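Working notes for the structure below.
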Amino acid sequence: DAKTTQPPSMDCAEGRAANLPCNHSTISGNEYVYWYRQIHSQGPQYIIHGLKNNETNEMASLIITEDRKSSTLILPHATLRDTAVYYCIVSYTDYKLSFGAGTTVTVRA
Amino acid sequence: GAGVSQTPSNKVTEKGKYVELRCDPISGHTALYWYRQSLGQGPEFLIYFQGTGAADDSGLPNDRFFAVRPEGSVSTLKIQRTERGDSAVYLCASSPGDRVSGNTIYFGEGSWLTVV
């Protein structure tokens with residue numbers, strides 16, 4: 001599976017949009033981009049996934065560049081409860097996910 | 001509840017002892033996964049079941065680790081002759097498993113294992 005690169009940490013203000021970048025320059029044509037997050041002491045929580053097109057659900061939006069070499073997860077209105085480690089994962093199969101180190105996002109009041 | 005249930009939530013055992021960790025997946029989910037998360041690291045894949053069979057056990061670290069899912073629902077992760085390095089959170093997850101990719105995987109809260 002392709003590897004991903006994420007910034008180790010980022011801060012954002014409560015109520016503002018949080019834009020989390022992820023680079024995956026070696027992604028293959030049949031690999032999905034998945035985003036999960038993990039709030040302290042809890043199991044990972046699925047956020048969103050996509051293949052080529054941008055996706056939106058009740059939690060977030062996923063913007064994938066046309067060449068698919070990078071993506072951005074957008075949390076439209078960050079709240080304190082969004083403080084977590086966010087993992088960007090690229091995988092053909094959804095069962096063998098390589099989580100990596102992720103981005104520690106801290107939402108500040 | 002409707003989510004993935006794992007028991008025990010916490011387990012402290014002595015080095016060399018045998019441990020079983022149980023996972024009850026979401027009802028109707030045919031796919032079940034075990035992951036392990038060491039302190040400060042992301043989860044690492046251990047094994048994947050589709051129904052009763054282990055479709056991929058390539059993540060199991062050695063032959064002290066074994067998992068079963070005899071009726072295609074509840075799964076048990078078994079660790080023999082535990083070592084201090086086995087201390088971690090063991091996460092179970094499940095998904096509908098109706099296709100190879102693009103499934104949403106739902107994780108449980110994990111079983112925290114401490115080997116002393």
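Note on naming: chains are A, B, ... as they come in the structure tokens, residues start from 1 per chain, ligands start from 1 in the order shown.
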Under the rule of at most 8 Å, produce a per-residue listing of chain A near chain B: chain, number, name, the closest pair of atoms, and the distance in Å, as JSON lines, using only C-alpha atoms.
```
{"residue": "A:Tyr32", "atom": "CA", "partner": "B:Gly102", "partner_atom": "CA", "distance": 7.1}
{"residue": "A:Ser41", "atom": "CA", "partner": "B:Glu109", "partner_atom": "CA", "distance": 7.8}
{"residue": "A:Gln42", "atom": "CA", "partner": "B:Glu109", "partner_atom": "CA", "distance": 5.2}
{"residue": "A:Gly43", "atom": "CA", "partner": "B:Glu109", "partner_atom": "CA", "distance": 4.5}
{"residue": "A:Pro44", "atom": "CA", "partner": "B:Phe107", "partner_atom": "CA", "distance": 6.0}
{"residue": "A:Gln45", "atom": "CA", "partner": "B:Phe107", "partner_atom": "CA", "distance": 6.7}
{"residue": "A:Tyr46", "atom": "CA", "partner": "B:Ile105", "partner_atom": "CA", "distance": 6.7}
{"residue": "A:His49", "atom": "CA", "partner": "B:Gly102", "partner_atom": "CA", "distance": 7.4}
{"residue": "A:Gly50", "atom": "CA", "partner": "B:Gly102", "partner_atom": "CA", "distance": 7.9}
{"residue": "A:Tyr92", "atom": "CA", "partner": "B:Ser101", "partner_atom": "CA", "distance": 6.2}
{"residue": "A:Thr93", "atom": "CA", "partner": "B:Ser101", "partner_atom": "CA", "distance": 4.7}
{"residue": "A:Asp94", "atom": "CA", "partner": "B:Ser101", "partner_atom": "CA", "distance": 5.0}
{"residue": "A:Tyr95", "atom": "CA", "partner": "B:Tyr48", "partner_atom": "CA", "distance": 6.8}
{"residue": "A:Lys96", "atom": "CA", "partner": "B:Phe45", "partner_atom": "CA", "distance": 5.9}
{"residue": "A:Leu97", "atom": "CA", "partner": "B:Phe45", "partner_atom": "CA", "distance": 6.7}
{"residue": "A:Ser98", "atom": "CA", "partner": "B:Glu44", "partner_atom": "CA", "distance": 6.6}
{"residue": "A:Phe99", "atom": "CA", "partner": "B:Gly42", "partner_atom": "CA", "distance": 5.3}
{"residue": "A:Gly100", "atom": "CA", "partner": "B:Gly42", "partner_atom": "CA", "distance": 5.5}
{"residue": "A:Ala101", "atom": "CA", "partner": "B:Gly42", "partner_atom": "CA", "distance": 5.7}
{"residue": "A:Gly102", "atom": "CA", "partner": "B:Gly42", "partner_atom": "CA", "distance": 7.6}
```
Q: Mind checking which residues fall within 6 Å of segment 8-20 of chain B, counting only C-alpha atoms, ignoring those fewer than 4 positions away in the same chain, and posting them as number ranges by chain?
A: B: 77-83, 111-116
Q: Record the distance separating atom CA of Gly3 of chain B and atom CA of Gly53 of chain B, expressed in Å with one decimal.
A: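 These two atoms are separated by 22.0 Å.
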Q: Write down as a VMD selection string the residues of chain B whose backbone DSSP state falls under strand (DSSP E or B).
A: chain B and resid 5 to 7 10 to 13 19 to 24 31 to 37 44 to 50 53 to 56 65 to 68 75 to 79 88 to 95 106 to 107 111 to 115
Q. Counting only C-alpha atoms, what is within 7 Å of Thr7 of chain B, bar same-chain residues fewer than 6 positions away, as an MDAnalysis selection string?
A. chainID B and resid 21:23 111
Q) Hey, what's within 12 Å of Gln6 of chain A if we count only C-alpha atoms and toss same-chain stuff fewer than 4 positions away? As a list in words, please? A)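 Counting only C-alpha atoms, the residues come to Met10, Asn19, Leu20, Pro21, Cys22, Asn23, His24, Trp35, Ser70, Ser71, Thr72, Leu73, Val85, Tyr86, Tyr87, Cys88, Ile89, Phe99, Gly100, Ala101, Gly102, Thr103, Thr104 and Val105 of chain A.
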(Q) Show me, as a list in words, the residues that have an atom within 7 Å of segment 71-73 of chain B when counting only C-alpha atoms, minus same-chain residues fewer than 5 positions from it. (A) Asp24, Pro25, Thr30, Gly51 and Thr52 of chain B
Write the residues of the preceding selection, restricted to N, CA, C and O atoms, as a short mmCIF file (atom, residue, chain, number, x, y, z; two decimals), in the first residue's frame.
```cif
data_model
loop_
_atom_site.label_atom_id
_atom_site.label_comp_id
_atom_site.auth_asym_id
_atom_site.auth_seq_id
_atom_site.Cartn_x
_atom_site.Cartn_y
_atom_site.Cartn_z
N ASP B 24 -17.02 -9.04 20.26
CA ASP B 24 -18.38 -9.26 19.77
C ASP B 24 -18.65 -8.20 18.70
O ASP B 24 -18.82 -7.03 19.03
N PRO B 25 -18.68 -8.58 17.42
CA PRO B 25 -18.81 -7.57 16.36
C PRO B 25 -20.24 -7.04 16.25
O PRO B 25 -21.16 -7.54 16.90
N THR B 30 -19.90 -9.52 8.54
CA THR B 30 -19.22 -10.77 8.25
C THR B 30 -17.70 -10.65 8.40
O THR B 30 -17.01 -11.64 8.60
N GLY B 51 -16.16 -14.26 7.68
CA GLY B 51 -16.91 -15.40 8.19
C GLY B 51 -16.10 -16.12 9.27
O GLY B 51 -15.56 -15.51 10.17
N THR B 52 -16.02 -17.44 9.15
CA THR B 52 -15.31 -18.23 10.16
C THR B 52 -13.83 -18.37 9.89
O THR B 52 -13.06 -18.73 10.78
#
```
Q: For atom CA of Ala78 of chain A and atom CA of Cys12 of chain A, quote the distance in Å rounded to one decimal.
A: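 About the pair atom CA of Ala78 of chain A and atom CA of Cys12 of chain A: they are 7.6 Å apart.
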(Q) List the spatial neighbours of Lys69 of chain A as a ChimeraX atom specification - criterion: any atom at most 12 Å away, only C-alpha atoms, same-chain residues fewer than 6 positions off excluded. (A) /A:2-5,21-29,31-33,51-52,63,90
Include N, CA, C and O atoms and write out the residues we just selected as a PDB file, in the first residue's frame.
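Output (part.pdb):
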```pdb
ATOM      1  N   ALA A   2       0.352   2.322  -0.622  1.00  0.00           N
ATOM      2  CA  ALA A   2       1.101   3.567  -0.689  1.00  0.00           C
ATOM      3  C   ALA A   2       1.274   4.159   0.709  1.00  0.00           C
ATOM      4  O   ALA A   2       0.428   4.002   1.569  1.00  0.00           O
ATOM      5  N   LYS A   3       2.391   4.856   0.909  1.00  0.00           N
ATOM      6  CA  LYS A   3       2.623   5.509   2.181  1.00  0.00           C
ATOM      7  C   LYS A   3       2.049   6.915   2.142  1.00  0.00           C
ATOM      8  O   LYS A   3       1.873   7.508   1.083  1.00  0.00           O
ATOM      9  N   THR A   4       1.779   7.457   3.305  1.00  0.00           N
ATOM     10  CA  THR A   4       1.241   8.808   3.417  1.00  0.00           C
ATOM     11  C   THR A   4       2.141   9.661   4.272  1.00  0.00           C
ATOM     12  O   THR A   4       2.864   9.148   5.130  1.00  0.00           O
ATOM     13  N   THR A   5       2.088  10.964   4.050  1.00  0.00           N
ATOM     14  CA  THR A   5       2.839  11.921   4.847  1.00  0.00           C
ATOM     15  C   THR A   5       1.875  12.961   5.387  1.00  0.00           C
ATOM     16  O   THR A   5       1.141  13.593   4.606  1.00  0.00           O
ATOM     17  N   PRO A  21      -3.921  18.308   5.760  1.00  0.00           N
ATOM     18  CA  PRO A  21      -3.336  17.838   4.507  1.00  0.00           C
ATOM     19  C   PRO A  21      -2.747  16.438   4.628  1.00  0.00           C
ATOM     20  O   PRO A  21      -2.360  15.991   5.714  1.00  0.00           O
ATOM     21  N   CYS A  22      -2.664  15.769   3.489  1.00  0.00           N
ATOM     22  CA  CYS A  22      -2.051  14.443   3.427  1.00  0.00           C
ATOM     23  C   CYS A  22      -1.451  14.251   2.038  1.00  0.00           C
ATOM     24  O   CYS A  22      -2.127  14.495   1.034  1.00  0.00           O
ATOM     25  N   ASN A  23      -0.195  13.865   1.996  1.00  0.00           N
ATOM     26  CA  ASN A  23       0.459  13.550   0.735  1.00  0.00           C
ATOM     27  C   ASN A  23       0.546  12.047   0.539  1.00  0.00           C
ATOM     28  O   ASN A  23       0.916  11.320   1.477  1.00  0.00           O
ATOM     29  N   HIS A  24       0.212  11.602  -0.647  1.00  0.00           N
ATOM     30  CA  HIS A  24       0.294  10.166  -0.984  1.00  0.00           C
ATOM     31  C   HIS A  24       0.690  10.061  -2.450  1.00  0.00           C
ATOM     32  O   HIS A  24      -0.088   9.584  -3.291  1.00  0.00           O
ATOM     33  N   SER A  25       1.920  10.471  -2.732  1.00  0.00           N
ATOM     34  CA  SER A  25       2.372  10.603  -4.123  1.00  0.00           C
ATOM     35  C   SER A  25       2.515   9.266  -4.849  1.00  0.00           C
ATOM     36  O   SER A  25       2.559   9.236  -6.074  1.00  0.00           O
ATOM     37  N   THR A  26       2.608   8.154  -4.105  1.00  0.00           N
ATOM     38  CA  THR A  26       2.794   6.846  -4.751  1.00  0.00           C
ATOM     39  C   THR A  26       1.491   6.049  -4.826  1.00  0.00           C
ATOM     40  O   THR A  26       1.516   4.846  -5.069  1.00  0.00           O
ATOM     41  N   ILE A  27       0.390   6.710  -4.653  1.00  0.00           N
ATOM     42  CA  ILE A  27      -0.910   6.023  -4.647  1.00  0.00           C
ATOM     43  C   ILE A  27      -1.159   5.343  -5.992  1.00  0.00           C
ATOM     44  O   ILE A  27      -0.815   5.875  -7.054  1.00  0.00           O
ATOM     45  N   SER A  28      -1.762   4.156  -5.936  1.00  0.00           N
ATOM     46  CA  SER A  28      -2.118   3.427  -7.151  1.00  0.00           C
ATOM     47  C   SER A  28      -3.567   3.718  -7.533  1.00  0.00           C
ATOM     48  O   SER A  28      -4.354   4.184  -6.719  1.00  0.00           O
ATOM     49  N   GLY A  29      -3.898   3.390  -8.781  1.00  0.00           N
ATOM     50  CA  GLY A  29      -5.215   3.742  -9.293  1.00  0.00           C
ATOM     51  C   GLY A  29      -6.384   3.115  -8.561  1.00  0.00           C
ATOM     52  O   GLY A  29      -7.482   3.662  -8.542  1.00  0.00           O
ATOM     53  N   GLU A  31      -6.400   2.310  -5.260  1.00  0.00           N
ATOM     54  CA  GLU A  31      -6.295   2.520  -3.814  1.00  0.00           C
ATOM     55  C   GLU A  31      -7.212   3.653  -3.348  1.00  0.00           C
ATOM     56  O   GLU A  31      -7.254   4.719  -3.950  1.00  0.00           O
ATOM     57  N   TYR A  32      -7.913   3.392  -2.267  1.00  0.00           N
ATOM     58  CA  TYR A  32      -8.770   4.387  -1.655  1.00  0.00           C
ATOM     59  C   TYR A  32      -7.964   5.247  -0.675  1.00  0.00           C
ATOM     60  O   TYR A  32      -6.944   4.814  -0.141  1.00  0.00           O
ATOM     61  N   VAL A  33      -8.477   6.436  -0.413  1.00  0.00           N
ATOM     62  CA  VAL A  33      -7.965   7.292   0.657  1.00  0.00           C
ATOM     63  C   VAL A  33      -8.977   7.233   1.797  1.00  0.00           C
ATOM     64  O   VAL A  33     -10.165   7.523   1.601  1.00  0.00           O
ATOM     65  N   LEU A  51     -12.217   7.621  -3.516  1.00  0.00           N
ATOM     66  CA  LEU A  51     -11.334   7.032  -4.525  1.00  0.00           C
ATOM     67  C   LEU A  51     -10.786   8.121  -5.458  1.00  0.00           C
ATOM     68  O   LEU A  51      -9.587   8.309  -5.563  1.00  0.00           O
ATOM     69  N   LYS A  52     -11.686   8.817  -6.116  1.00  0.00           N
ATOM     70  CA  LYS A  52     -11.258   9.862  -7.052  1.00  0.00           C
ATOM     71  C   LYS A  52     -12.003  11.173  -6.808  1.00  0.00           C
ATOM     72  O   LYS A  52     -11.421  12.243  -6.848  1.00  0.00           O
ATOM     73  N   ILE A  63     -11.258  16.292   0.020  1.00  0.00           N
ATOM     74  CA  ILE A  63     -10.895  16.848  -1.273  1.00  0.00           C
ATOM     75  C   ILE A  63      -9.667  16.099  -1.781  1.00  0.00           C
ATOM     76  O   ILE A  63      -8.622  16.115  -1.120  1.00  0.00           O
ATOM     77  N   VAL A  90      -3.924   5.146   2.931  1.00  0.00           N
ATOM     78  CA  VAL A  90      -4.181   4.776   1.539  1.00  0.00           C
ATOM     79  C   VAL A  90      -4.094   3.259   1.441  1.00  0.00           C
ATOM     80  O   VAL A  90      -3.112   2.657   1.869  1.00  0.00           O
TER      81      VAL A  90
END
```
Q: Tell me which protein, DNA and RNA residues are within 7 Å of segment 16-18 of chain A, counting only C-alpha atoms, leaving out same-chain ones fewer than 3 positions away, and put them as a list in words.
A: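 Answer for this query is Cys12, Ala13, Ile74, Leu75, Pro76, His77 and Ala78 of chain A.
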Q: Could you jot down the atom CA of Leu62 of chain A to atom CA of Tyr34 of chain A separation for me, Å, one decimal place?
A: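 Those two atoms sit 9.3 Å apart.
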